[in-house]
Amino acid sequence: MTEDLRDFIRHRIRDDLRADAVERVVTRFPPEPNGFLHIGHAKSICLNFGVAQEFGGATFLRYDDTNPLRESEEFVESIQRDIAWLGFGWEGPTFASDYFEQLYDFAEQLIERGKAFVCSLPASGIRSTRGTLTEPGTDSPYRNRSVAENLDLFRRMRAGEFADGAHVLRARIDMASPNVNMRDPVLYRIRHANHHRTGDDWCIYPMYDFTHCICDALEGISHSLCTLEFEDHRPLYDWVLDNIAINYHPPQIEFSRLGLEYTVMSKRLFSALVEGGHVTGWDDPRMPTLAGMRRRGYPPTAIREFCRRIGVTKADGTIEYEFLEFCVRRDLETGAVRAMAVLDPLRVVLTNYEGEGEMLPAPWHPQQPDRGMREMTFSATLYIEREDFSENPPPKYRRLTPGGMVRLRYAYIIVCEEVVKNGAGEIEELRCRYVGESKSGSDTSGLKPRGVIHWVDAASAIPADVRLFERLFHDPRPGSDDFIDALNPNSMGVARAVVEPAIVASDDECFQFERTGYFVKDNRDYRGDAPVFNRTVSLRDSYKPDKS
């Protein structure tokens, strides 16, 4: 057990253990396999798996696979991949479908006890009789069917005698309840569809509110942790367990969801982005899915730290996206090796360099000598960033100017002597003089250049595509109805860059392109002969988080 017992859930667990209310902490993470996990799920993953680890317990990965129309093995596999990437292991995995027979038996128990009935109203009829927040609902005309008739209809539903929507099984609770969730909720519906695990064995499927609590009890979950939108569902969670023959009743405890600026938190909306071609897939680096963040180069340790720092509360709120980027940047500051890449190349010819070329040593990380060294080629023709030269420099400009001098990082001082332009007046090339006695590490020139810039040797430079990502949405709080209109049309740009060959040869995936930002080899499109890099995050930002 670690030191972090600050939030109310950890205090509750600690108190339960002290009071011997539970023998062992057992939590669960129950995603529906109908899409990829996103950053909102990361908070729940870190909480459920985290508290189990801290208190020496275990966490079940349980798939809520009760809707065959939306679920697939692709999503099952992606969920396991994402949880493992975050650094967690699980019990199982288990599936709600593992318990279909037991769930069906419990449904028959409710019927036999007069607590459930088969309703033949269409979905629109059920909605119209549910009432409002201020007005009670009205009883279904089928509410008083006999136990025998309900059992007969329910068994025939299972046997496949009826079409989708012909009947549902509803709990018999209270149509006047102030909690709308308790107004005879649907427990089972007919759905003739092939299930990704059970095939065509079933044509009736249980609803989440019926399934979830029973699976929690069967798996011995000690603390059923879920987000605040399920707080109003807790009475139904308790009602189901109180009215079936089961000898264990886990407590449900709610916490706030994660809200994050400049994104949405809905697999339904993400699916619309994918299917509408607004992004390249669930793992598009602009997407807030864990797969997208992995492809963009976000370290899992940074996401876990982000979730730790935002904490666990009962109050919903929206977190600044800059805070997530702060956590990513802080992680990469120590984790990413350094390298040279030029995103907008401007050719530099060293007119007085007579050698065929040389190798210059450069550290992979200046503050971490144990990361080792790499060698950079240096010859008479180089590339620098176009923005590192200015004919009419602004005040305090510390880069290259006509007649000015700069140091090439890990190399030599150069002095610009001539600017070569094309017929349109555009700069095509700089002709410079290099100072041979100014070699980095053994400088005897006595010169003091105004700045240091990065570069890549033209003789060995490798062309690469560098993707520059911005926010997927231009609105910090896009709505679920108009989120397509809030998309940022400039959320991705591509630079045709050149990179030093050590980057391509390295087994490392994440790099700080010096003076530019943090980048990662694209794990889907990258090839050694045609490298592709995704910008993870810019190099610096003015954001200052609260200390924690």
# chains A, B, ... in the order shown; residues from 1 in each chain; ligands from 1

$ residues_around --residues "Leu273 of chain A" --least-positions-apart "3" --cutoff "10 Å" --atoms "only C-alpha atoms" --output "PyMOL selection string"
chain A and resi 267-270+276-282+287+483-484+487

$ closest_atom_pairs --of "segment 194-295 of chain A" --to "segment 318-330 of chain A" --cutoff "6 Å" --atoms "only C-alpha atoms" --output "tab-separated table"
residue	atom	partner	partner_atom	distance
A:Gly259	CA	A:Thr318	CA	4.2
A:Leu260	CA	A:Ile319	CA	4.8
A:Glu261	CA	A:Tyr321	CA	5.4

$ closest_residue --among "A:Asp344, A:Asp316, A:Asp443, A:Glu254" --to "Arg407 of chain A" --atoms "only C-alpha atoms"
A:Asp443

$ atom_distance --atom1 "atom CA of His196 of chain A" --atom2 "atom CA of Asp164 of chain A"
18.6 Å

$ closest_residue --among "A:Ile253, A:Ala458, A:Val504, A:Met376" --to "Leu225 of chain A" --atoms "only C-alpha atoms"
A:Ile253

$ residues_around --residues "segment 92-101 of chain A" --least-positions-apart "5" --cutoff "12 Å" --atoms "only C-alpha atoms" --output "PyMOL selection string"
chain A and resi 28-33+58-68+76-77+79-80+83+106-108+158+188+195-199+201-219

$ atom_distance --atom1 "atom CA of Phe533 of chain A" --atom2 "atom CA of His41 of chain A"
26.5 Å

$ residues_around --residues "Glu418 of chain A" --least-positions-apart "4" --cutoff "9 Å" --atoms "only C-alpha atoms" --output "PyMOL selection string"
chain A and resi 402-403+429-432

$ atom_distance --atom1 "atom CA of Ala530 of chain A" --atom2 "atom CA of Ala362 of chain A"
24.2 Å

$ closest_residue --among "A:Leu236, A:Leu151, A:Ala459, A:Ala464" --to "Asp174 of chain A" --atoms "only C-alpha atoms"
A:Leu236

$ closest_residue --among "A:Val406, A:Leu472, A:Val466, A:Leu258" --to "Leu447 of chain A" --atoms "only C-alpha atoms"
A:Val406

$ decode --residues "segment 186-198 of chain A" --atoms "N, CA, C and O atoms" --output "compact mmCIF listing (two decimals), in the first residue's frame"
# COMPACT_ATOMS: atom_id res chain seq x y z
N VAL A 186 -36.41 -1.64 -18.10
CA VAL A 186 -36.24 -2.82 -18.95
C VAL A 186 -35.02 -3.61 -18.47
O VAL A 186 -33.95 -3.05 -18.22
N LEU A 187 -35.19 -4.92 -18.35
CA LEU A 187 -34.11 -5.80 -17.94
C LEU A 187 -33.57 -6.64 -19.09
O LEU A 187 -32.39 -6.97 -19.12
N TYR A 188 -34.42 -7.02 -20.03
CA TYR A 188 -34.03 -7.83 -21.19
C TYR A 188 -34.75 -7.30 -22.42
O TYR A 188 -35.89 -6.85 -22.34
N ARG A 189 -34.06 -7.40 -23.58
CA ARG A 189 -34.72 -7.09 -24.84
C ARG A 189 -34.36 -8.15 -25.86
O ARG A 189 -33.35 -8.86 -25.73
N ILE A 190 -35.18 -8.27 -26.89
CA ILE A 190 -34.93 -9.24 -27.97
C ILE A 190 -34.01 -8.59 -28.99
O ILE A 190 -34.22 -7.45 -29.41
N ARG A 191 -33.00 -9.33 -29.39
CA ARG A 191 -32.07 -8.81 -30.39
C ARG A 191 -31.51 -9.99 -31.19
O ARG A 191 -30.62 -10.71 -30.74
N HIS A 192 -32.06 -10.21 -32.36
CA HIS A 192 -31.59 -11.30 -33.23
C HIS A 192 -30.34 -10.81 -33.96
O HIS A 192 -30.41 -10.20 -35.03
N ALA A 193 -29.20 -11.07 -33.37
CA ALA A 193 -27.93 -10.62 -33.94
C ALA A 193 -26.83 -11.56 -33.50
O ALA A 193 -26.88 -12.12 -32.40
N ASN A 194 -25.85 -11.73 -34.35
CA ASN A 194 -24.73 -12.62 -34.03
C ASN A 194 -23.82 -11.96 -33.02
O ASN A 194 -23.37 -10.82 -33.21
N HIS A 195 -23.54 -12.65 -31.94
CA HIS A 195 -22.69 -12.15 -30.86
C HIS A 195 -21.25 -12.55 -31.13
O HIS A 195 -20.99 -13.67 -31.60
N HIS A 196 -20.31 -11.67 -30.80
CA HIS A 196 -18.91 -11.93 -31.14
C HIS A 196 -18.33 -13.12 -30.39
O HIS A 196 -17.29 -13.66 -30.80
N ARG A 197 -18.98 -13.58 -29.31
CA ARG A 197 -18.49 -14.75 -28.57
C ARG A 197 -19.48 -15.91 -28.58
O ARG A 197 -19.09 -17.06 -28.70
N THR A 198 -20.76 -15.61 -28.40
CA THR A 198 -21.75 -16.68 -28.26
C THR A 198 -22.45 -17.01 -29.56
O THR A 198 -23.32 -17.89 -29.60
